[in-house]
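Containing mmCIF, C-alpha atoms: coords-v5.cif.
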```
data_start
#
loop_
_atom_site.label_atom_id
_atom_site.label_comp_id
_atom_site.auth_asym_id
_atom_site.auth_seq_id
_atom_site.Cartn_x
_atom_site.Cartn_y
_atom_site.Cartn_z
CA MET Z 167 -38.16 -13.23 27.92
CA LEU Z 168 -37.88 -10.21 25.68
CA GLY Z 169 -34.40 -9.04 24.66
CA PRO Z 170 -33.17 -5.58 23.62
CA ILE Z 171 -33.95 -6.31 19.93
CA ASP Z 172 -37.55 -7.23 20.83
CA TYR Z 173 -37.97 -4.09 22.91
CA SER Z 174 -36.54 -1.81 20.21
CA MET Z 175 -38.73 -3.40 17.50
CA TRP Z 176 -41.78 -3.18 19.76
CA SER Z 177 -41.22 0.48 20.48
CA ALA Z 178 -40.44 1.23 16.78
CA ASP Z 179 -43.79 -0.34 15.75
CA PHE Z 180 -45.62 1.58 18.44
CA LEU Z 181 -43.99 4.94 17.63
CA VAL Z 182 -44.41 4.62 13.87
CA GLU Z 183 -48.12 3.80 14.28
CA ILE Z 184 -48.68 6.76 16.59
CA CYS Z 185 -46.80 9.07 14.18
CA CYS Z 186 -48.93 7.79 11.30
CA VAL Z 187 -52.17 8.52 13.20
CA ALA Z 188 -50.81 12.00 13.94
CA CYS Z 189 -50.00 12.50 10.21
CA LEU Z 190 -53.52 11.43 9.22
CA LEU Z 191 -55.06 13.78 11.77
CA LYS Z 192 -52.76 16.63 10.74
CA LYS Z 193 -53.77 16.22 7.10
CA ARG Z 194 -57.45 16.10 8.16
CA ALA Z 195 -57.89 12.67 6.58
CA PHE Z 196 -59.79 11.29 9.58
CA THR Z 197 -63.25 11.27 7.99
CA ARG Z 198 -62.08 10.60 4.43
CA HIS Z 199 -59.99 7.59 5.44
CA PHE Z 200 -61.68 6.56 8.69
CA THR Z 201 -60.87 2.86 8.18
CA LEU Z 202 -57.11 3.64 8.06
CA VAL Z 203 -57.33 5.39 11.43
CA LEU Z 204 -59.48 2.53 12.77
CA TYR Z 205 -56.87 -0.04 11.71
CA LEU Z 206 -53.98 1.96 13.19
CA CYS Z 207 -55.80 2.47 16.51
CA ALA Z 208 -56.68 -1.25 16.62
CA SER Z 209 -53.04 -2.08 15.90
CA ILE Z 210 -51.82 0.21 18.70
CA ALA Z 211 -54.35 -1.36 21.12
CA VAL Z 212 -53.31 -4.88 20.06
CA GLY Z 213 -49.63 -3.95 20.56
CA VAL Z 214 -50.35 -2.76 24.09
CA GLY Z 215 -52.41 -5.90 24.79
CA ARG Z 216 -49.67 -8.23 23.52
CA TYR Z 217 -47.06 -6.43 25.58
CA SER Z 218 -49.12 -6.66 28.79
CA ILE Z 219 -49.75 -10.39 28.23
CA ILE Z 220 -46.02 -11.00 27.70
CA ALA Z 221 -45.29 -9.02 30.87
CA THR Z 222 -47.75 -11.09 32.91
CA SER Z 223 -47.66 -14.56 31.32
CA GLY Z 224 -44.47 -14.64 29.22
CA LEU Z 225 -43.65 -15.01 25.53
CA ALA Z 226 -43.92 -18.81 25.48
CA SER Z 227 -47.27 -18.95 27.32
CA GLY Z 228 -50.47 -20.33 25.86
CA ALA Z 229 -52.27 -17.06 26.66
CA TYR Z 230 -49.89 -15.10 24.43
CA TYR Z 231 -50.19 -17.70 21.66
CA TYR Z 232 -53.99 -17.45 21.69
CA PHE Z 233 -54.01 -13.67 21.96
CA TYR Z 234 -51.42 -13.24 19.18
CA PHE Z 235 -53.33 -15.22 16.57
CA TYR Z 236 -56.82 -14.00 17.52
CA SER Z 237 -55.68 -10.36 17.54
CA ASP Z 238 -53.93 -10.92 14.21
CA ALA Z 239 -57.16 -12.23 12.69
CA LEU Z 240 -58.95 -9.16 14.10
CA LEU Z 241 -56.37 -6.81 12.57
CA THR Z 242 -56.70 -8.57 9.21
CA ILE Z 243 -60.47 -8.03 9.35
CA CYS Z 244 -59.76 -4.33 10.01
CA LEU Z 245 -57.53 -4.35 6.94
CA TYR Z 246 -60.47 -5.79 5.01
CA PHE Z 247 -62.42 -2.67 5.96
CA VAL Z 248 -59.51 -0.54 4.68
CA LEU Z 249 -59.58 -2.47 1.43
CA MET Z 250 -63.36 -2.03 1.15
CA ASP Z 251 -62.86 1.70 1.67
CA LEU Z 252 -60.28 1.79 -1.13
CA TYR Z 253 -62.65 -0.15 -3.40
CA ALA Z 254 -65.37 2.37 -2.56
CA HIS Z 255 -63.03 5.26 -3.48
CA VAL Z 256 -62.08 3.66 -6.80
CA PHE Z 257 -65.66 2.75 -7.76
CA SER Z 258 -67.25 5.87 -6.28
CA GLU Z 259 -68.06 7.36 -9.68
CA MET Z 260 -69.75 4.15 -10.81
CA GLY Z 261 -72.08 4.13 -7.77
CA ALA Z 262 -71.19 0.52 -6.97
CA THR Z 263 -70.10 1.13 -3.37
CA GLN Z 264 -72.91 -0.88 -1.74
CA LEU Z 265 -72.39 -3.77 -4.14
CA VAL Z 266 -68.64 -3.83 -3.38
CA ARG Z 267 -69.24 -3.77 0.38
CA GLY Z 268 -71.81 -6.58 0.16
CA GLY Z 269 -69.44 -8.67 -1.97
CA ALA Z 270 -66.51 -8.12 0.39
CA MET Z 271 -68.59 -9.13 3.44
CA LEU Z 272 -69.74 -12.28 1.64
CA LEU Z 273 -66.12 -13.09 0.78
CA LEU Z 274 -65.09 -12.57 4.40
CA ALA Z 275 -67.85 -14.89 5.62
CA GLY Z 276 -66.86 -17.43 2.95
CA THR Z 277 -63.21 -17.36 4.07
CA VAL Z 278 -64.22 -17.93 7.71
CA TRP Z 279 -66.43 -20.85 6.68
CA ILE Z 280 -63.74 -22.45 4.47
CA SER Z 281 -61.13 -22.09 7.25
CA TYR Z 282 -63.51 -23.69 9.75
CA HIS Z 283 -64.30 -26.48 7.30
CA MET Z 284 -60.56 -27.14 6.68
CA VAL Z 285 -59.93 -27.50 10.42
CA ALA Z 286 -63.13 -29.44 11.16
CA THR Z 287 -62.16 -32.13 8.66
CA SER Z 288 -58.57 -32.40 9.95
CA SER Z 289 -57.51 -34.88 12.63
CA ASP Z 290 -56.43 -32.55 15.49
CA ARG Z 291 -59.45 -30.13 15.46
CA LEU Z 292 -57.77 -27.49 17.58
CA VAL Z 293 -59.33 -24.06 18.05
CA THR Z 294 -55.86 -22.46 17.72
CA ARG Z 295 -55.39 -24.27 14.42
CA PHE Z 296 -58.61 -22.64 13.17
CA VAL Z 297 -57.39 -19.12 13.85
CA ILE Z 298 -53.98 -19.77 12.23
CA GLU Z 299 -55.69 -21.23 9.17
CA LEU Z 300 -58.10 -18.28 9.14
CA SER Z 301 -55.27 -15.72 9.30
CA GLN Z 302 -53.36 -17.38 6.47
CA ASN Z 303 -56.48 -17.58 4.29
CA LEU Z 304 -57.54 -14.01 5.11
CA TYR Z 305 -54.12 -12.68 4.09
CA PHE Z 306 -54.21 -14.66 0.89
CA VAL Z 307 -57.75 -13.47 0.03
CA GLY Z 308 -56.45 -9.96 0.84
CA VAL Z 309 -53.67 -10.43 -1.74
CA VAL Z 310 -56.21 -11.56 -4.35
CA LEU Z 311 -58.59 -8.68 -3.57
CA THR Z 312 -55.79 -6.10 -3.73
CA TYR Z 313 -54.57 -7.57 -6.99
CA LEU Z 314 -58.10 -7.34 -8.46
CA LEU Z 315 -58.39 -3.75 -7.23
CA TRP Z 316 -55.03 -2.84 -8.78
CA GLY Z 317 -56.11 -4.48 -12.06
CA ALA Z 318 -59.38 -2.50 -11.99
CA MET Z 319 -57.44 0.71 -11.33
CA LEU Z 320 -55.21 0.08 -14.33
CA LYS Z 321 -58.24 -0.75 -16.50
CA LEU Z 322 -60.17 2.34 -15.34
CA ARG Z 323 -57.03 4.49 -15.83
CA GLU Z 324 -57.22 5.66 -12.24
CA ASN Z 325 -54.65 8.45 -11.85
CA ARG Z 326 -54.91 9.60 -8.22
CA THR Z 327 -51.38 9.13 -6.83
CA HIS Z 328 -52.67 8.95 -3.26
CA LEU Z 329 -55.01 6.09 -4.00
CA MET Z 330 -52.40 4.26 -6.07
CA GLN Z 331 -49.79 4.38 -3.33
CA LEU Z 332 -52.29 3.28 -0.68
CA VAL Z 333 -53.41 0.29 -2.76
CA LEU Z 334 -49.83 -0.70 -3.68
CA SER Z 335 -48.64 -0.50 -0.09
CA MET Z 336 -51.58 -2.72 0.95
CA GLY Z 337 -50.58 -5.17 -1.79
CA VAL Z 338 -46.98 -5.30 -0.53
CA TYR Z 339 -48.19 -5.82 3.06
CA PHE Z 340 -50.75 -8.55 2.28
CA SER Z 341 -48.31 -10.41 -0.01
CA ALA Z 342 -45.49 -10.26 2.54
CA PHE Z 343 -47.73 -11.53 5.34
CA ALA Z 344 -49.41 -14.24 3.24
CA GLY Z 345 -45.99 -15.45 2.09
CA SER Z 346 -44.54 -15.44 5.58
CA TYR Z 347 -47.55 -17.30 7.03
CA ALA Z 348 -47.18 -19.96 4.33
CA LEU Z 349 -43.44 -20.21 5.06
CA TRP Z 350 -44.16 -20.38 8.79
CA ASN Z 351 -46.47 -23.33 8.12
CA MET Z 352 -43.55 -25.11 6.44
CA TYR Z 353 -40.74 -24.15 8.85
CA GLN Z 354 -42.22 -23.32 12.24
CA ASN Z 355 -39.21 -23.74 14.48
CA THR Z 356 -37.04 -20.93 13.17
CA PHE Z 357 -36.12 -18.02 15.43
CA VAL Z 358 -36.62 -15.39 12.68
CA TRP Z 359 -40.41 -15.61 13.10
CA ARG Z 360 -39.96 -13.70 16.32
CA TYR Z 361 -38.70 -10.61 14.42
CA ILE Z 362 -40.17 -10.81 10.90
CA PRO Z 363 -43.78 -9.79 11.82
CA HIS Z 364 -42.44 -6.71 13.66
CA LEU Z 365 -40.41 -5.64 10.63
CA MET Z 366 -43.32 -6.16 8.26
CA ALA Z 367 -45.71 -4.35 10.59
CA LEU Z 368 -43.61 -1.20 10.09
CA TRP Z 369 -44.33 -1.11 6.36
CA LEU Z 370 -47.99 0.01 6.35
CA PRO Z 371 -47.75 2.96 8.79
CA LEU Z 372 -44.46 4.11 7.19
CA SER Z 373 -45.81 4.04 3.64
CA TRP Z 374 -49.12 5.64 4.67
CA ALA Z 375 -47.31 8.40 6.56
CA TYR Z 376 -45.10 9.02 3.51
CA THR Z 377 -48.14 9.19 1.20
CA PHE Z 378 -50.08 11.60 3.39
CA MET Z 379 -47.13 13.84 4.24
CA LYS Z 380 -45.22 13.94 0.95
CA VAL Z 381 -47.71 13.34 -1.87
CA PRO Z 382 -50.13 16.22 -2.51
CA GLU Z 383 -53.81 15.28 -2.41
CA ASP Z 384 -54.36 16.44 -6.01
CA ALA Z 385 -51.24 14.72 -7.45
CA ARG Z 386 -51.92 12.65 -10.55
CA ILE Z 387 -49.88 9.97 -12.37
CA ALA Z 388 -50.81 8.34 -15.66
CA THR Z 389 -51.36 4.61 -15.03
CA ALA Z 390 -49.25 3.78 -18.10
CA ARG Z 391 -46.24 5.11 -16.18
CA MET Z 392 -46.73 2.38 -13.57
CA LEU Z 393 -46.24 -0.26 -16.24
CA VAL Z 394 -43.53 1.32 -18.41
CA PRO Z 395 -42.22 4.27 -16.40
CA ASN Z 396 -39.14 5.01 -18.46
CA ARG Z 397 -40.69 5.55 -21.90
CA MET O 229 -49.03 -28.22 -0.77
CA ILE O 230 -51.45 -25.29 -0.24
CA ALA O 231 -48.79 -23.47 1.81
CA ILE O 232 -46.23 -23.83 -1.01
CA LEU O 233 -48.79 -22.55 -3.54
CA ILE O 234 -49.72 -19.57 -1.35
CA PHE O 235 -46.04 -18.82 -0.76
CA GLY O 236 -45.22 -18.88 -4.49
CA ILE O 237 -48.15 -16.65 -5.47
CA SER O 238 -47.46 -14.26 -2.58
CA VAL O 239 -43.81 -13.82 -3.57
CA LEU O 240 -44.80 -13.06 -7.17
CA THR O 241 -47.47 -10.55 -6.16
CA LEU O 242 -45.11 -9.01 -3.58
CA LEU O 243 -42.54 -8.38 -6.30
CA GLN O 244 -45.13 -6.88 -8.60
CA PHE O 245 -46.64 -4.61 -5.96
CA PHE O 246 -43.21 -3.49 -4.73
CA VAL O 247 -41.97 -2.69 -8.24
CA SER O 248 -45.20 -0.78 -9.00
CA TYR O 249 -44.87 1.10 -5.70
CA CYS O 250 -41.32 2.15 -6.60
CA HIS O 251 -42.59 3.14 -10.07
CA SER O 252 -45.16 5.40 -8.43
CA LEU O 253 -42.36 7.12 -6.48
CA ILE O 254 -40.20 7.44 -9.60
CA ALA O 255 -43.08 8.53 -11.88
CA GLU O 256 -43.67 11.64 -9.79
CA SER O 257 -40.13 12.85 -10.54
CA ARG O 258 -40.18 11.87 -14.20
CA GLY O 259 -42.80 14.51 -14.87
CA CYS O 260 -40.14 17.17 -14.17
CA GLU O 261 -37.80 18.42 -16.90
CA LEU O 262 -34.14 18.92 -16.04
CA SER O 263 -32.90 22.49 -16.34
CA GLU O 264 -29.95 23.35 -18.59
CA GLN O 265 -27.88 24.43 -15.58
CA GLY O 266 -28.66 21.16 -13.80
CA ARG O 267 -27.61 19.18 -16.87
CA GLU O 268 -24.40 21.13 -17.18
CA ILE O 269 -23.40 20.69 -13.52
CA SER O 270 -24.30 17.01 -13.36
CA GLY O 271 -22.61 16.31 -16.72
CA ILE O 272 -25.71 14.91 -18.43
CA THR O 273 -25.54 15.54 -22.15
CA SER O 274 -28.22 13.28 -23.69
CA HIS O 275 -32.00 13.46 -23.06
CA SER O 276 -32.07 10.28 -20.97
CA VAL O 277 -29.91 9.47 -17.93
CA ARG O 278 -27.94 6.21 -17.77
CA GLY O 279 -28.08 3.90 -14.75
CA ASP O 280 -24.30 4.03 -14.22
CA GLN O 281 -24.56 7.78 -13.55
CA PHE O 282 -26.64 7.13 -10.41
CA ARG O 283 -23.74 6.80 -7.94
CA ARG O 284 -22.09 9.97 -9.24
CA LEU O 285 -25.38 11.87 -8.95
CA LEU O 286 -25.78 10.63 -5.37
CA GLN O 287 -22.31 11.95 -4.54
CA LEU O 288 -23.25 15.33 -6.01
CA ILE O 289 -26.53 15.30 -4.02
CA ALA O 290 -24.51 14.67 -0.86
CA LEU O 291 -22.41 17.76 -1.64
CA CYS O 292 -25.47 20.01 -1.96
CA PRO O 293 -27.13 21.29 1.22
CA GLU O 294 -30.56 19.72 1.71
CA PRO O 295 -33.51 22.07 1.06
CA GLY O 296 -35.60 19.99 3.48
CA GLY O 297 -37.32 16.64 3.47
CA ASP O 298 -36.16 14.90 0.28
CA ASN O 299 -33.62 12.67 2.02
CA ARG O 300 -36.19 9.91 2.55
CA GLN O 301 -36.99 9.80 -1.16
CA VAL O 302 -33.26 9.60 -1.96
CA ARG O 303 -32.96 6.60 0.37
CA ALA O 304 -36.05 4.87 -1.09
CA VAL O 305 -34.74 5.23 -4.64
CA SER O 306 -31.25 4.08 -3.53
CA LEU O 307 -32.84 0.98 -1.99
CA TYR O 308 -34.70 0.22 -5.23
CA PHE O 309 -31.48 0.83 -7.21
CA GLY O 310 -29.62 -1.60 -4.93
CA LEU O 311 -32.37 -4.22 -5.36
CA LEU O 312 -32.15 -3.85 -9.14
CA GLY O 313 -28.39 -4.37 -8.93
CA LEU O 314 -28.98 -7.57 -6.97
CA VAL O 315 -31.57 -8.81 -9.49
CA ARG O 316 -29.15 -8.04 -12.35
CA MET O 317 -26.42 -9.99 -10.64
CA LEU O 318 -28.71 -12.98 -9.99
CA PHE O 319 -30.84 -13.11 -13.14
CA GLY O 320 -29.44 -10.61 -15.64
CA TRP O 321 -27.21 -13.18 -17.32
CA ILE O 322 -30.12 -15.60 -17.96
CA GLU O 323 -32.15 -13.44 -20.29
CA PRO O 324 -30.98 -10.32 -22.18
CA THR O 325 -34.50 -8.77 -21.99
CA VAL O 326 -34.28 -8.88 -18.18
CA ALA O 327 -30.94 -7.06 -18.34
CA ARG O 328 -32.45 -4.44 -20.67
CA TRP O 329 -35.45 -3.93 -18.36
CA ILE O 330 -33.15 -3.59 -15.34
CA GLU O 331 -31.01 -1.05 -17.17
CA SER O 332 -34.07 1.05 -18.07
CA GLU O 333 -35.23 0.91 -14.43
CA ARG O 334 -31.78 1.96 -13.22
CA GLY O 335 -31.96 4.82 -15.72
CA GLY O 336 -35.28 5.83 -14.12
CA CYS O 337 -33.63 5.86 -10.67
CA ALA O 338 -30.77 7.98 -12.05
CA TYR O 339 -33.30 10.42 -13.54
CA VAL O 340 -34.96 10.81 -10.12
CA ALA O 341 -31.52 11.51 -8.60
CA ALA O 342 -30.83 14.08 -11.34
CA VAL O 343 -34.17 15.82 -10.64
CA MET O 344 -33.37 15.95 -6.91
CA LEU O 345 -29.94 17.37 -7.63
CA ASP O 346 -31.52 19.92 -9.95
CA ARG O 347 -33.97 20.97 -7.21
CA ARG O 348 -31.15 21.33 -4.69
CA ILE O 349 -29.04 23.41 -7.09
CA ALA O 350 -32.01 25.69 -7.82
CA ASN O 351 -32.69 26.00 -4.09
CA ASN O 352 -29.07 26.91 -3.35
CA ARG O 353 -29.04 29.51 -6.16
CA ASP O 354 -32.17 31.11 -4.67
CA LEU O 355 -30.59 31.18 -1.21
CA MET O 356 -27.41 32.74 -2.59
CA ALA O 357 -29.40 35.37 -4.52
CA GLN O 358 -31.36 36.22 -1.35
CA GLN O 359 -28.16 36.53 0.66
CA MET O 360 -26.55 38.77 -1.95
CA GLY O 361 -29.70 40.90 -2.03
CA MET O 362 -29.54 41.31 1.75
CA GLU O 363 -25.88 42.30 1.64
CA LEU O 364 -26.60 45.00 -0.95
#
```
Written as structure tokens, how would this file's structure read?
Amino acid sequence: MLGPIDYSMWSADFLVEICCVACLLKKRAFTRHFTLVLYLCASIAVGVGRYSIIATSGLASGAYYYFYFYSDALLTICLYFVLMDLYAHVFSEMGATQLVRGGAMLLLAGTVWISYHMVATSSDRLVTRFVIELSQNLYFVGVVLTYLLWGAMLKLRENRTHLMQLVLSMGVYFSAFAGSYALWNMYQNTFVWRYIPHLMALWLPLSWAYTFMKVPEDARIATARMLVPNR
Amino acid sequence: MIAILIFGISVLTLLQFFVSYCHSLIAESRGCELSEQGREISGITSHSVRGDQFRRLLQLIALCPEPGGDNRQVRAVSLYFGLLGLVRMLFGWIEPTVARWIESERGGCAYVAAVMLDRRIANNRDLMAQQMGMEL
């Protein structure tokens, strides 16, 4: 059963995501950052779905277990689209958008294949195991892709504050989730796993809302300041 | 084994992304120059601001009425400052270069606080001038 902490975290996630969508719409960023809105809407829908499954089948049910991990993999794929969009923004002047998209799709397919292969060769061969493995690998590939994008931004001396904050917040999110999935694999029976994903899920909509509401669209920061800000 | 490896790499990248994210918040404020009046009121004499002045600047910020909306930024920088304090306590004694880096970061946080205080003082002066103009 859900307790008061679960309910408050659930509603905080839900409210923050709705507020973030409202911020994006208010700033007319719907078409420019369509993938961000897509991810947030998918996350809201998944939140509603998870809640209705808990209400009907319970938190410890198999249905919730399946739905949780499959919806998580779906959300991670949506985040891949966000990342592709950010890559496209960074490399827009080089005209390499199509190449980046093609490469990202190949990487996604490769991750799915590797995850399937890892499970197929293991002894238990469970379908649920596949989706857990897939989520962990997708988050980790997300970390690597974000890191590469950040490196490219530093190299290209990208100075759009908006873009920088979006990429860095994605990096924090992917790293936190990849780390927690890995830790979950090592210590599964700890009660904190019930609350940690909710807390981490707040990060992306909060940081995106801050960026769109507080940072002007034309704000610029020299990339050198990211590395040695106090000189 | 793979889980341990992923965990280790993720923690390192998380730290790097989080620090860079905080830098991006701080860098915005570092572009602003402190006014002479702001320096005088906050007691800053040199060009740079020391990390140990942060708490005092926060107290002064709390005394100034808020012009609107910068409270969240104050909290974000305070959180980063607190994290730096924790890192200094845990690792600062191991390597002097780490302690130096932490001190420069804390100085950056203090500079952001000084800029916010400066903005609030300027805002309050404007409000007072408007009020006096209305009374006349």
- Residues selected by the PyMOL selection byres ((chain Z) within 10 of (chain O)), written as JSON, numbers by chain: {"Z": [302, 303, 305, 306, 309, 310, 312, 313, 316, 327, 328, 330, 331, 332, 333, 334, 335, 336, 337, 338, 339, 340, 341, 342, 343, 344, 345, 346, 347, 348, 349, 350, 351, 352, 373, 376, 377, 380, 381, 385, 386, 387, 388, 389, 390, 391, 392, 393, 394, 395, 396, 397]}
- Chain and number of each residue from the PyMOL selection byres ((chain O and resi 343-352) around 12), as a PyMOL selection string: chain O and resi 254-272+276-277+282+284-303+305+336-342+353-359
- Message: Please compute the CA of Pro170 (chain Z)-CA of Ala188 (chain Z) distance, one decimal, in Å.
- Response: 26.7 Å
- All residues 12 Å or closer to Ala211 (chain Z), all atoms listed in the file, same chain fewer than 5 positions away omitted, as a PyMOL selection string: chain Z and resi 179-180+183-184+204-206+216-218+237-238+240-241
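When only C-alpha atoms are used to measure the gap to Phe235 (chain Z), the shortest distance among Z:Leu372, Z:Val297, Z:Val358, Z:Cys207 belongs to Z:Val297.
CA of Ile243 (chain Z) is found 10.7 Å from CA of Ala275 (chain Z).
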